[in-house]
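Coordinates from input.cif are shown below (mmCIF, C-alpha atoms and all ligand atoms).
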data_target
loop_
_atom_site.group_PDB
_atom_site.id
_atom_site.type_symbol
_atom_site.label_atom_id
_atom_site.label_comp_id
_atom_site.auth_asym_id
_atom_site.auth_seq_id
_atom_site.Cartn_x
_atom_site.Cartn_y
_atom_site.Cartn_z
ATOM 1 C CA MET R 1 -22.597 -12.371 -9.102
ATOM 2 C CA LEU R 2 -21.839 -11.887 -5.416
ATOM 3 C CA VAL R 3 -20.502 -8.681 -3.917
ATOM 4 C CA THR R 4 -17.473 -9.389 -1.708
ATOM 5 C CA ASN R 5 -14.985 -7.569 0.492
ATOM 6 C CA GLY R 6 -12.323 -7.826 -2.207
ATOM 7 C CA THR R 7 -10.484 -10.672 -3.906
ATOM 8 C CA THR R 8 -9.205 -12.395 -0.790
ATOM 9 C CA ASP R 9 -12.722 -12.454 0.672
ATOM 10 C CA ALA R 10 -14.086 -13.932 -2.571
ATOM 11 C CA LEU R 11 -11.362 -16.556 -2.434
ATOM 12 C CA ARG R 12 -12.320 -17.473 1.145
ATOM 13 C CA HIS R 13 -15.956 -17.954 0.079
ATOM 14 C CA VAL R 14 -15.072 -20.237 -2.811
ATOM 15 C CA LEU R 15 -12.643 -22.269 -0.702
ATOM 16 C CA ALA R 16 -15.283 -22.784 1.985
ATOM 17 C CA ALA R 17 -17.700 -24.233 -0.599
ATOM 18 C CA LEU R 18 -15.144 -26.311 -2.500
ATOM 19 C CA ALA R 19 -14.448 -30.024 -1.955
ATOM 20 C CA PRO R 20 -11.377 -30.663 0.238
ATOM 21 C CA GLY R 21 -8.008 -30.668 -1.499
ATOM 22 C CA ASP R 22 -4.851 -28.726 -2.157
ATOM 23 C CA VAL R 23 -4.783 -25.602 -4.314
ATOM 24 C CA ALA R 24 -2.152 -24.731 -6.906
ATOM 25 C CA VAL R 25 -0.966 -21.128 -7.131
ATOM 26 C CA GLU R 26 1.294 -19.536 -9.707
ATOM 27 C CA ASP R 27 4.911 -19.276 -8.554
ATOM 28 C CA PRO R 28 5.882 -16.465 -8.349
ATOM 29 C CA GLY R 29 2.393 -15.422 -7.415
ATOM 30 C CA TYR R 30 0.039 -13.286 -5.373
ATOM 31 C CA ARG R 31 1.128 -13.553 -1.754
ATOM 32 C CA ALA R 32 -2.270 -12.624 -0.301
ATOM 33 C CA ALA R 33 -3.840 -15.544 -2.184
ATOM 34 C CA VAL R 34 -1.198 -17.941 -0.851
ATOM 35 C CA GLU R 35 -1.807 -16.755 2.720
ATOM 36 C CA THR R 36 -5.591 -16.946 2.289
ATOM 37 C CA ILE R 37 -5.440 -20.503 0.956
ATOM 38 C CA ARG R 38 -3.111 -21.605 3.774
ATOM 39 C CA GLY R 39 -5.344 -19.782 6.259
ATOM 40 C CA ALA R 40 -8.263 -21.879 4.992
ATOM 41 C CA GLY R 41 -6.297 -24.999 5.988
ATOM 42 C CA ARG R 42 -5.307 -26.056 2.476
ATOM 43 C CA ARG R 43 -1.852 -26.810 1.170
ATOM 44 C CA VAL R 44 -0.467 -24.681 -1.648
ATOM 45 C CA HIS R 45 1.197 -26.321 -4.671
ATOM 46 C CA ASP R 46 3.611 -24.340 -6.807
ATOM 47 C CA LEU R 47 2.659 -23.837 -10.469
ATOM 48 C CA PRO R 48 5.615 -22.406 -12.437
ATOM 49 C CA ALA R 49 4.222 -19.088 -13.678
ATOM 50 C CA THR R 50 6.348 -19.144 -16.822
ATOM 51 C CA GLU R 51 4.944 -22.468 -18.068
ATOM 52 C CA PRO R 52 1.502 -23.579 -19.304
ATOM 53 C CA VAL R 53 -0.751 -25.342 -16.788
ATOM 54 C CA THR R 54 -1.154 -28.878 -18.082
ATOM 55 C CA ASP R 55 -1.630 -31.096 -15.022
ATOM 56 C CA LEU R 56 -3.870 -30.425 -12.015
ATOM 57 C CA ALA R 57 -4.365 -34.076 -11.019
ATOM 58 C CA GLY R 58 -5.259 -34.479 -7.342
ATOM 59 C CA LEU R 59 -5.878 -30.753 -6.799
ATOM 60 C CA ALA R 60 -9.135 -29.019 -5.847
ATOM 61 C CA ALA R 61 -8.337 -25.754 -7.631
ATOM 62 C CA ALA R 62 -5.707 -23.550 -9.273
ATOM 63 C CA TYR R 63 -5.343 -19.813 -8.674
ATOM 64 C CA LEU R 64 -4.378 -17.918 -11.838
ATOM 65 C CA THR R 65 -3.964 -14.336 -13.067
ATOM 66 C CA PRO R 66 -4.456 -14.918 -16.833
ATOM 67 C CA ALA R 67 -4.912 -11.285 -17.919
ATOM 68 C CA HIS R 68 -1.715 -10.056 -16.232
ATOM 69 C CA GLN R 69 0.347 -12.639 -14.386
ATOM 70 C CA HIS R 70 1.172 -11.277 -10.968
ATOM 71 C CA PRO R 71 3.988 -10.338 -10.619
ATOM 72 C CA LEU R 72 5.699 -11.275 -13.918
ATOM 73 C CA GLY R 73 3.250 -9.322 -16.073
ATOM 74 C CA ARG R 74 2.740 -11.971 -18.752
ATOM 75 C CA VAL R 75 -0.625 -12.257 -20.568
ATOM 76 C CA MET R 76 -1.677 -15.919 -20.739
ATOM 77 C CA PRO R 77 -1.730 -16.844 -24.459
ATOM 78 C CA ALA R 78 -4.893 -18.429 -25.921
ATOM 79 C CA PRO R 79 -3.411 -21.960 -26.256
ATOM 80 C CA ASP R 80 -2.332 -21.836 -22.579
ATOM 81 C CA ARG R 81 -5.868 -20.774 -21.570
ATOM 82 C CA LEU R 82 -7.300 -23.775 -23.373
ATOM 83 C CA ALA R 83 -4.648 -26.040 -21.826
ATOM 84 C CA ALA R 84 -5.479 -24.796 -18.302
ATOM 85 C CA LEU R 85 -9.185 -25.401 -18.895
ATOM 86 C CA ALA R 86 -8.503 -28.894 -20.248
ATOM 87 C CA ALA R 87 -6.289 -29.676 -17.220
ATOM 88 C CA ALA R 88 -9.042 -28.455 -14.880
ATOM 89 C CA ARG R 89 -11.670 -30.602 -16.622
ATOM 90 C CA ASP R 90 -9.413 -33.695 -16.554
ATOM 91 C CA ALA R 91 -8.726 -33.258 -12.816
ATOM 92 C CA ASP R 92 -12.250 -32.091 -11.967
ATOM 93 C CA ALA R 93 -10.594 -29.005 -10.464
ATOM 94 C CA LEU R 94 -11.765 -25.393 -10.410
ATOM 95 C CA LEU R 95 -9.818 -22.465 -11.890
ATOM 96 C CA LEU R 96 -9.840 -19.363 -9.691
ATOM 97 C CA GLU R 97 -9.403 -16.432 -12.078
ATOM 98 C CA ASP R 98 -8.058 -13.313 -10.355
ATOM 99 C CA ASP R 99 -8.822 -10.508 -12.829
ATOM 100 C CA TYR R 100 -7.361 -7.710 -10.718
ATOM 101 C CA ASP R 101 -6.309 -5.047 -13.214
ATOM 102 C CA SER R 102 -7.506 -5.840 -16.733
ATOM 103 C CA GLU R 103 -9.016 -2.319 -16.944
ATOM 104 C CA PHE R 104 -5.464 -1.044 -17.167
ATOM 105 C CA ARG R 105 -4.228 -2.113 -20.586
ATOM 106 C CA TYR R 106 -2.530 0.487 -22.750
ATOM 107 C CA ASP R 107 -1.537 -1.306 -25.906
ATOM 108 C CA VAL R 108 -4.675 -3.360 -26.585
ATOM 109 C CA ALA R 109 -8.311 -3.709 -25.511
ATOM 110 C CA PRO R 110 -8.863 -5.407 -22.103
ATOM 111 C CA VAL R 111 -7.988 -9.101 -22.237
ATOM 112 C CA PRO R 112 -11.191 -11.227 -22.188
ATOM 113 C CA ALA R 113 -11.786 -13.216 -19.029
ATOM 114 C CA LEU R 114 -10.961 -16.924 -18.949
ATOM 115 C CA ALA R 115 -14.346 -17.414 -17.265
ATOM 116 C CA THR R 116 -16.081 -16.501 -20.545
ATOM 117 C CA LEU R 117 -14.764 -19.770 -22.001
ATOM 118 C CA ASP R 118 -16.239 -22.062 -19.343
ATOM 119 C CA ARG R 119 -18.561 -20.797 -16.616
ATOM 120 C CA ASP R 120 -18.633 -24.222 -14.931
ATOM 121 C CA ARG R 121 -14.867 -24.569 -14.551
ATOM 122 C CA VAL R 122 -13.884 -21.025 -13.577
ATOM 123 C CA ALA R 123 -14.685 -18.819 -10.582
ATOM 124 C CA TYR R 124 -14.189 -15.180 -11.603
ATOM 125 C CA LEU R 125 -12.794 -12.772 -8.971
ATOM 126 C CA GLY R 126 -12.893 -9.017 -9.590
ATOM 127 C CA THR R 127 -11.900 -6.095 -7.369
ATOM 128 C CA ALA R 128 -12.308 -2.347 -6.963
ATOM 129 C CA SER R 129 -8.907 -2.203 -5.258
ATOM 130 C CA LYS R 130 -7.089 -1.030 -8.386
ATOM 131 C CA SER R 131 -9.784 1.148 -9.943
ATOM 132 C CA VAL R 132 -10.935 2.917 -6.734
ATOM 133 C CA ALA R 133 -8.954 2.028 -3.588
ATOM 134 C CA PRO R 134 -7.797 -1.143 -1.806
ATOM 135 C CA SER R 135 -9.163 0.172 1.496
ATOM 136 C CA LEU R 136 -12.697 0.230 0.059
ATOM 137 C CA ARG R 137 -12.584 -3.581 0.468
ATOM 138 C CA LEU R 138 -14.979 -4.210 -2.405
ATOM 139 C CA GLY R 139 -14.947 -6.902 -5.039
ATOM 140 C CA TRP R 140 -17.168 -9.325 -6.907
ATOM 141 C CA LEU R 141 -17.287 -13.034 -7.422
ATOM 142 C CA VAL R 142 -18.943 -15.012 -10.203
ATOM 143 C CA PRO R 143 -18.765 -18.579 -8.920
ATOM 144 C CA PRO R 144 -19.576 -21.587 -11.064
ATOM 145 C CA PRO R 145 -23.360 -22.084 -10.832
ATOM 146 C CA ARG R 146 -22.970 -25.330 -8.845
ATOM 147 C CA LEU R 147 -21.280 -23.485 -5.927
ATOM 148 C CA LEU R 148 -23.565 -20.460 -5.812
ATOM 149 C CA ALA R 149 -26.218 -21.853 -3.448
ATOM 150 C CA ALA R 150 -23.630 -23.183 -0.959
ATOM 151 C CA ILE R 151 -21.724 -19.880 -0.881
ATOM 152 C CA ASP R 152 -24.944 -17.905 -0.511
ATOM 153 C CA GLU R 153 -26.222 -20.101 2.292
ATOM 154 C CA ARG R 154 -22.969 -19.955 4.251
ATOM 155 C CA ARG R 155 -22.894 -16.172 3.960
ATOM 156 C CA ARG R 156 -26.487 -16.033 5.179
ATOM 157 C CA VAL R 157 -25.934 -18.178 8.281
ATOM 158 C CA THR R 158 -22.676 -16.419 9.174
ATOM 159 C CA HIS R 159 -24.143 -12.918 8.557
ATOM 160 C CA ASP R 160 -21.247 -12.376 6.186
ATOM 161 C CA ALA R 161 -22.035 -9.425 3.952
ATOM 162 C CA THR R 162 -20.236 -6.523 2.359
ATOM 163 C CA PRO R 163 -21.169 -3.460 4.435
ATOM 164 C CA TRP R 164 -24.203 -1.727 2.993
ATOM 165 C CA PRO R 165 -22.702 1.816 3.131
ATOM 166 C CA VAL R 166 -19.702 0.602 1.091
ATOM 167 C CA GLN R 167 -22.000 -0.916 -1.534
ATOM 168 C CA ARG R 168 -24.132 2.255 -1.689
ATOM 169 C CA ALA R 169 -21.019 4.401 -1.974
ATOM 170 C CA PHE R 170 -19.726 2.295 -4.881
ATOM 171 C CA VAL R 171 -23.108 2.421 -6.646
ATOM 172 C CA ALA R 172 -23.055 6.218 -6.296
ATOM 173 C CA LEU R 173 -19.491 6.355 -7.676
ATOM 174 C CA LEU R 174 -20.577 4.203 -10.633
ATOM 175 C CA ARG R 175 -23.792 6.166 -11.303
ATOM 176 C CA GLU R 176 -22.057 9.517 -11.149
ATOM 177 C CA GLY R 177 -19.430 8.319 -13.608
ATOM 178 C CA TYR R 178 -16.584 8.608 -11.078
ATOM 179 C CA VAL R 179 -15.299 5.065 -11.579
ATOM 180 C CA ASP R 180 -15.302 5.465 -15.384
ATOM 181 C CA LYS R 181 -13.535 8.792 -15.081
ATOM 182 C CA VAL R 182 -10.887 7.470 -12.686
ATOM 183 C CA VAL R 183 -10.230 4.427 -14.869
ATOM 184 C CA ARG R 184 -9.968 6.553 -18.025
ATOM 185 C CA THR R 185 -7.697 9.105 -16.346
ATOM 186 C CA ALA R 186 -5.563 6.467 -14.641
ATOM 187 C CA ARG R 187 -5.215 4.573 -17.932
ATOM 188 C CA ARG R 188 -3.887 7.737 -19.569
ATOM 189 C CA VAL R 189 -1.499 8.493 -16.698
ATOM 190 C CA TYR R 190 -0.189 4.920 -16.443
ATOM 191 C CA ALA R 191 0.102 4.609 -20.232
ATOM 192 C CA GLU R 192 2.513 7.523 -20.056
ATOM 193 C CA ARG R 193 4.355 6.306 -16.940
ATOM 194 C CA ALA R 194 4.870 2.680 -18.023
ATOM 195 C CA PRO R 195 7.202 3.560 -20.938
ATOM 196 C CA ARG R 196 9.028 6.073 -18.714
ATOM 197 C CA VAL R 197 9.857 3.295 -16.287
ATOM 198 C CA VAL R 198 10.892 1.065 -19.200
ATOM 199 C CA ALA R 199 13.130 3.768 -20.683
ATOM 200 C CA ALA R 200 14.838 4.335 -17.321
ATOM 201 C CA LEU R 201 15.403 0.709 -16.301
ATOM 202 C CA ALA R 202 15.815 -1.145 -19.629
ATOM 203 C CA PRO R 203 19.563 -0.370 -19.858
ATOM 204 C CA TYR R 204 20.139 -2.128 -16.505
ATOM 205 C CA ALA R 205 17.574 -4.942 -16.255
ATOM 206 C CA GLU R 206 15.384 -7.233 -18.354
ATOM 207 C CA LEU R 207 11.660 -6.500 -18.498
ATOM 208 C CA ALA R 208 9.759 -9.632 -17.437
ATOM 209 C CA GLY R 209 6.354 -9.185 -19.099
ATOM 210 C CA THR R 210 4.025 -6.782 -20.848
ATOM 211 C CA PRO R 211 3.854 -3.299 -19.338
ATOM 212 C CA ALA R 212 0.267 -3.115 -18.059
ATOM 213 C CA GLY R 213 -1.480 -2.290 -14.813
ATOM 214 C CA MET R 214 0.491 -0.175 -12.375
ATOM 215 C CA TYR R 215 3.791 -2.003 -12.110
ATOM 216 C CA SER R 216 6.515 -3.534 -14.180
ATOM 217 C CA THR R 217 8.780 -6.379 -13.187
ATOM 218 C CA TRP R 218 12.491 -6.454 -13.884
ATOM 219 C CA LEU R 219 14.868 -9.422 -13.897
ATOM 220 C CA LEU R 220 18.196 -8.716 -12.201
ATOM 221 C CA PRO R 221 20.728 -10.584 -10.070
ATOM 222 C CA GLU R 222 19.547 -10.668 -6.441
ATOM 223 C CA ALA R 223 22.474 -8.558 -5.166
ATOM 224 C CA ALA R 224 21.715 -5.740 -7.634
ATOM 225 C CA ALA R 225 17.992 -5.950 -6.855
ATOM 226 C CA ARG R 226 18.693 -5.650 -3.125
ATOM 227 C CA ARG R 227 21.061 -2.745 -3.680
ATOM 228 C CA ALA R 228 18.359 -0.893 -5.620
ATOM 229 C CA ARG R 229 15.632 -1.825 -3.139
ATOM 230 C CA ASP R 230 17.740 -0.554 -0.209
ATOM 231 C CA ALA R 231 18.658 2.680 -1.989
ATOM 232 C CA ALA R 232 14.968 3.281 -2.722
ATOM 233 C CA ALA R 233 14.080 2.628 0.919
ATOM 234 C CA ARG R 234 16.692 5.169 2.083
ATOM 235 C CA ALA R 235 15.094 7.714 -0.259
ATOM 236 C CA GLY R 236 11.633 6.933 1.124
ATOM 237 C CA PHE R 237 10.282 4.678 -1.686
ATOM 238 C CA ARG R 238 9.192 1.070 -1.389
ATOM 239 C CA VAL R 239 10.183 -1.256 -4.213
ATOM 240 C CA ASN R 240 9.587 -4.993 -3.860
ATOM 241 C CA LEU R 241 12.035 -7.825 -4.496
ATOM 242 C CA LEU R 242 10.777 -10.367 -7.031
ATOM 243 C CA SER R 243 12.250 -13.150 -4.876
ATOM 244 C CA ASP R 244 9.700 -12.272 -2.163
ATOM 245 C CA TYR R 245 6.919 -13.489 -4.512
ATOM 246 C CA CYS R 246 8.723 -16.796 -5.226
ATOM 247 C CA ARG R 247 8.223 -20.068 -3.365
ATOM 248 C CA SER R 248 10.133 -22.707 -5.358
ATOM 249 C CA ALA R 249 10.840 -20.430 -8.335
ATOM 250 C CA ARG R 250 14.316 -18.922 -8.374
ATOM 251 C CA LEU R 251 13.645 -15.620 -10.119
ATOM 252 C CA THR R 252 15.284 -12.459 -8.882
ATOM 253 C CA GLY R 253 14.732 -8.804 -9.635
ATOM 254 C CA LEU R 254 12.430 -5.935 -8.754
ATOM 255 C CA VAL R 255 8.695 -5.276 -8.915
ATOM 256 C CA VAL R 256 8.389 -1.545 -9.533
ATOM 257 C CA GLY R 257 4.959 -0.026 -8.865
ATOM 258 C CA PHE R 258 4.157 3.330 -10.450
ATOM 259 C CA GLY R 259 0.573 3.830 -9.282
ATOM 260 C CA GLY R 260 0.704 5.421 -5.863
ATOM 261 C CA VAL R 261 3.147 8.258 -6.594
ATOM 262 C CA SER R 262 3.131 11.627 -8.319
ATOM 263 C CA ASP R 263 5.055 12.088 -11.584
ATOM 264 C CA ALA R 264 7.773 13.998 -9.727
ATOM 265 C CA GLU R 265 8.100 11.232 -7.113
ATOM 266 C CA LEU R 266 8.293 8.620 -9.860
ATOM 267 C CA ASP R 267 11.139 10.510 -11.542
ATOM 268 C CA ALA R 268 12.941 10.839 -8.208
ATOM 269 C CA ALA R 269 12.494 7.115 -7.458
ATOM 270 C CA LEU R 270 13.710 6.127 -10.945
ATOM 271 C CA ALA R 271 16.795 8.308 -10.525
ATOM 272 C CA VAL R 272 17.581 6.524 -7.249
ATOM 273 C CA LEU R 273 17.095 3.070 -8.826
ATOM 274 C CA VAL R 274 19.246 3.963 -11.829
ATOM 275 C CA GLY R 275 21.919 5.379 -9.505
ATOM 276 C CA ALA R 276 22.009 2.088 -7.585
ATOM 277 C CA LEU R 277 22.030 -0.119 -10.695
ATOM 278 C CA ARG R 278 24.511 1.837 -12.796
HETATM 279 C C1 LIG R 301 -2.775 -10.043 -7.924
HETATM 280 C C2 LIG R 301 -3.761 -9.230 -7.156
HETATM 281 N N1 LIG R 301 -5.010 -9.690 -7.013
HETATM 282 C C3 LIG R 301 -5.935 -9.000 -6.328
HETATM 283 C C4 LIG R 301 -5.627 -7.801 -5.729
HETATM 284 C C5 LIG R 301 -6.698 -7.098 -4.961
HETATM 285 O O1 LIG R 301 -7.002 -7.800 -3.799
HETATM 286 P P1 LIG R 301 -8.160 -7.254 -2.850
HETATM 287 O O2 LIG R 301 -9.384 -7.120 -3.714
HETATM 288 O O3 LIG R 301 -8.318 -8.321 -1.807
HETATM 289 O O4 LIG R 301 -7.721 -5.938 -2.309
HETATM 290 C C6 LIG R 301 -4.315 -7.286 -5.834
HETATM 291 C C7 LIG R 301 -3.873 -6.047 -5.205
HETATM 292 O O5 LIG R 301 -4.518 -5.113 -4.927
HETATM 293 C C8 LIG R 301 -3.378 -8.020 -6.576
HETATM 294 O O6 LIG R 301 -2.122 -7.572 -6.717
#
Will you turn the file into structure tokens for me?
Amino acid sequence: MLVTNGTTDALRHVLAALAPGDVAVEDPGYRAAVETIRGAGRRVHDLPATEPVTDLAGLAAAYLTPAHQHPLGRVMPAPDRLAALAAARDADALLLEDDYDSEFRYDVAPVPALATLDRDRVAYLGTASKSVAPSLRLGWLVPPPRLLAAIDERRRVTHDATPWPVQRAFVALLREGYVDKVVRTARRVYAERAPRVVAALAPYAELAGTPAGMYSTWLLPEAAARRARDAAARAGFRVNLLSDYCRSARLTGLVVGFGGVSDAELDAALAVLVGALR
């Protein structure tokens, strides 16, 4: 396992060690991953996020969020996991598993990582951005064993390391039980907030996936989504348009985060959204 400066940094390391070739990314999908892959000089192919991955022919890798599809919120079912692994083996491609928030499940135990099924076909990317803070810039990468030496060597020659004080700080937070406590508390808080968001928005929009993590995604016509987004902005809240996460996909709606606010702010934001959608 390698300590990284977050998911995007881990992705850069894997891409630098990987054979040339285009990379498929779920569509809609994580915009930072798309930018990172393009920044590494590779073309991005669109993988419809609502369908199983069955064909990766000609691609070097595929970037997936199996535990909680970002941003639709779907958990990748077991048959789809096996299909993605089979497609990767057939194409000799690597699966890049972004496991960004599996600590935050409310209904069931954390979803097991895809990487547990095949360590040679999957690079596992974890992050402290959700459990501690994105600005910590700390994550971890479990690359397939065949890439480990190349990634290690490149980091050594480029003096690329996660700052030592950040690593020490995280170790202290782990040892003192802070990370466990934050995750347990946050899980309780989000488990209570997720259904509140559902209760408020369900009369006006269709929930796209499983409520998990710190956001839920709502399908709506684009005009209604924009109306709600603009009303939220006027009230001082940022809500994202689902269409901003789409490349060829034509899904519209809102991605509503409920992590970085107080309960009172969440209620105020929901009232504004409901007022705009009613
Ligand atoms: C899908 C997804 N992956 C990963 C991350 C974390 O990225 P990083 O570790 O680079 O902050 C986030 C957001 O914080 C995310 O939404």
From R:Met1, R:Val255, R:Ala205, R:Ala235, residue lying nearest ligand LIG 301 (chain R) [only C-alpha atoms and all ligand atoms]: R:Val255
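A straight line drawn from atom CA of R:Gly260 to atom CA of R:Arg187 is 13.5 Å long.
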Selection: 10 Å around R:Val34, only C-alpha atoms, excl. self and same-chain fewer than 4 positions, as a list in words: Thr8, Val23, Ala24, Val25, Glu26, Asp27, Gly29, Tyr30, Arg38, Gly39, Ala40, Arg42, Arg43, Val44, His45, Asp46, Tyr63, Tyr245 and Arg247 of chain R
Skip R:Leu141 itself and residues of its chain fewer than 4 positions away, then list as a PDB file with C-alpha atoms, in the coordinates of the input all residues within 6 Å of it, counting only C-alpha atoms.
ATOM      1  CA  MET R   1     -22.597 -12.371  -9.102  1.00  0.00           C
ATOM      2  CA  LEU R   2     -21.839 -11.887  -5.416  1.00  0.00           C
ATOM      3  CA  ALA R  10     -14.086 -13.932  -2.571  1.00  0.00           C
ATOM      4  CA  TYR R 124     -14.189 -15.180 -11.603  1.00  0.00           C
ATOM      5  CA  LEU R 125     -12.794 -12.772  -8.971  1.00  0.00           C
TER       6      LEU R 125
END
Using 9 Å as the limit and counting all atoms listed in the file, can you tabulate each residue of chain R that touches ligand LIG 301 (chain R), with its shortest atom-to-atom distance in Å and the two atoms involved, as JSON lines?
{"residue": "R:Thr4", "atom": "CA", "partner": "R:LIG301", "partner_atom": "O2", "distance": 8.6}
{"residue": "R:Asn5", "atom": "CA", "partner": "R:LIG301", "partner_atom": "O2", "distance": 7.0}
{"residue": "R:Gly6", "atom": "CA", "partner": "R:LIG301", "partner_atom": "O2", "distance": 3.4}
{"residue": "R:Thr7", "atom": "CA", "partner": "R:LIG301", "partner_atom": "O2", "distance": 3.7}
{"residue": "R:Thr8", "atom": "CA", "partner": "R:LIG301", "partner_atom": "O3", "distance": 4.3}
{"residue": "R:Asp9", "atom": "CA", "partner": "R:LIG301", "partner_atom": "O3", "distance": 6.5}
{"residue": "R:Ala10", "atom": "CA", "partner": "R:LIG301", "partner_atom": "O3", "distance": 8.1}
{"residue": "R:Leu11", "atom": "CA", "partner": "R:LIG301", "partner_atom": "O3", "distance": 8.8}
{"residue": "R:Gly29", "atom": "CA", "partner": "R:LIG301", "partner_atom": "C1", "distance": 7.5}
{"residue": "R:Tyr30", "atom": "CA", "partner": "R:LIG301", "partner_atom": "C1", "distance": 5.0}
{"residue": "R:Arg31", "atom": "CA", "partner": "R:LIG301", "partner_atom": "C1", "distance": 8.1}
{"residue": "R:Ala32", "atom": "CA", "partner": "R:LIG301", "partner_atom": "O3", "distance": 7.6}
{"residue": "R:Ala33", "atom": "CA", "partner": "R:LIG301", "partner_atom": "N1", "distance": 7.7}
{"residue": "R:Leu64", "atom": "CA", "partner": "R:LIG301", "partner_atom": "C1", "distance": 8.9}
{"residue": "R:Thr65", "atom": "CA", "partner": "R:LIG301", "partner_atom": "C1", "distance": 6.8}
{"residue": "R:His68", "atom": "CA", "partner": "R:LIG301", "partner_atom": "C1", "distance": 8.4}
{"residue": "R:Gln69", "atom": "CA", "partner": "R:LIG301", "partner_atom": "C1", "distance": 7.6}
{"residue": "R:His70", "atom": "CA", "partner": "R:LIG301", "partner_atom": "C1", "distance": 5.1}
{"residue": "R:Pro71", "atom": "CA", "partner": "R:LIG301", "partner_atom": "C1", "distance": 7.3}
{"residue": "R:Asp98", "atom": "CA", "partner": "R:LIG301", "partner_atom": "N1", "distance": 5.8}
{"residue": "R:Asp99", "atom": "CA", "partner": "R:LIG301", "partner_atom": "N1", "distance": 7.0}
{"residue": "R:Tyr100", "atom": "CA", "partner": "R:LIG301", "partner_atom": "C3", "distance": 4.8}
{"residue": "R:Asp101", "atom": "CA", "partner": "R:LIG301", "partner_atom": "C2", "distance": 7.8}
{"residue": "R:Leu125", "atom": "CA", "partner": "R:LIG301", "partner_atom": "C3", "distance": 8.3}
{"residue": "R:Gly126", "atom": "CA", "partner": "R:LIG301", "partner_atom": "O2", "distance": 7.1}
{"residue": "R:Thr127", "atom": "CA", "partner": "R:LIG301", "partner_atom": "O2", "distance": 4.6}
{"residue": "R:Ala128", "atom": "CA", "partner": "R:LIG301", "partner_atom": "O2", "distance": 6.5}
{"residue": "R:Ser129", "atom": "CA", "partner": "R:LIG301", "partner_atom": "O4", "distance": 4.9}
{"residue": "R:Lys130", "atom": "CA", "partner": "R:LIG301", "partner_atom": "O5", "distance": 5.9}
{"residue": "R:Ala133", "atom": "CA", "partner": "R:LIG301", "partner_atom": "O4", "distance": 8.2}
{"residue": "R:Pro134", "atom": "CA", "partner": "R:LIG301", "partner_atom": "O4", "distance": 4.8}
{"residue": "R:Ser135", "atom": "CA", "partner": "R:LIG301", "partner_atom": "O4", "distance": 7.3}
{"residue": "R:Leu136", "atom": "CA", "partner": "R:LIG301", "partner_atom": "O4", "distance": 8.3}
{"residue": "R:Arg137", "atom": "CA", "partner": "R:LIG301", "partner_atom": "O4", "distance": 6.1}
{"residue": "R:Leu138", "atom": "CA", "partner": "R:LIG301", "partner_atom": "O2", "distance": 6.4}
{"residue": "R:Gly139", "atom": "CA", "partner": "R:LIG301", "partner_atom": "O2", "distance": 5.7}
{"residue": "R:Trp140", "atom": "CA", "partner": "R:LIG301", "partner_atom": "O2", "distance": 8.7}
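Here atom CA of R:Tyr106 stands at a distance of 26.6 Å from atom CA of R:Ala83.
Across the structure, atom CA of R:Ala208 and atom CA of R:Gly253 are spaced 9.3 Å apart.
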Expected answer as a ChimeraX atom specification: all residues with atoms within 10 Å of (-19.3, -18.2, -0.6), only C-alpha atoms: /R:2,4,9-18,141,143,147-156,160
Give as an mmCIF file with C-alpha atoms, keeping the file's coordinate frame the residues that the PyMOL selection byres (((chain R and resi 273) around 9) and not hetatm) matches when applied to the coordinates above.
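Final output, saved to selection_26.cif:
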data_model
loop_
_atom_site.group_PDB
_atom_site.id
_atom_site.type_symbol
_atom_site.label_atom_id
_atom_site.label_comp_id
_atom_site.auth_asym_id
_atom_site.auth_seq_id
_atom_site.Cartn_x
_atom_site.Cartn_y
_atom_site.Cartn_z
ATOM 1 C CA ALA R 200 14.838 4.335 -17.321
ATOM 2 C CA LEU R 201 15.403 0.709 -16.301
ATOM 3 C CA ARG R 227 21.061 -2.745 -3.680
ATOM 4 C CA ALA R 228 18.359 -0.893 -5.620
ATOM 5 C CA ARG R 229 15.632 -1.825 -3.139
ATOM 6 C CA ALA R 231 18.658 2.680 -1.989
ATOM 7 C CA ALA R 232 14.968 3.281 -2.722
ATOM 8 C CA ALA R 268 12.941 10.839 -8.208
ATOM 9 C CA ALA R 269 12.494 7.115 -7.458
ATOM 10 C CA LEU R 270 13.710 6.127 -10.945
ATOM 11 C CA ALA R 271 16.795 8.308 -10.525
ATOM 12 C CA VAL R 272 17.581 6.524 -7.249
ATOM 13 C CA VAL R 274 19.246 3.963 -11.829
ATOM 14 C CA GLY R 275 21.919 5.379 -9.505
ATOM 15 C CA ALA R 276 22.009 2.088 -7.585
ATOM 16 C CA LEU R 277 22.030 -0.119 -10.695
ATOM 17 C CA ARG R 278 24.511 1.837 -12.796
#
Give me the box for stretch 29-35 of chain R as lines of an AutoDock Vina configuration file, namely the centre and edge lengths in Å to one decimal of a box along x, y and z that holds every listed atom plus 3 Å on each side.
center_x = -0.7
center_y = -15.3
center_z = -2.3
size_x = 12.2
size_y = 11.3
size_z = 16.1
Residues within 12 Å of R:Arg184, all atoms listed in the file, excluding chain neighbours under 3 positions, as number ranges by chain: R: 103-106, 131-132, 177-181, 187-191
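When you apply the PyMOL selection byres (((chain R and resi 215) around 10) and not hetatm) to this structure, what comes back is His70, Pro71, Leu72, Gly73, Tyr190, Arg193, Ala194, Val197, Thr210, Pro211, Ala212, Gly213, Met214, Ser216, Thr217, Trp218, Val255, Val256, Gly257, Phe258 and Gly259 of chain R.
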Picked residues, the PyMOL selection byres (((chain R and resi 49-54) around 7) and not hetatm), expected as a PyMOL selection string: chain R and resi 26-28+47-48+55-56+80+83-84+87
Residues within 12 Å of R:Leu82, all atoms listed in the file, excluding chain neighbours under 6 positions, as a ChimeraX atom specification: /R:52-54,66,76,88-89,95,114-118,121
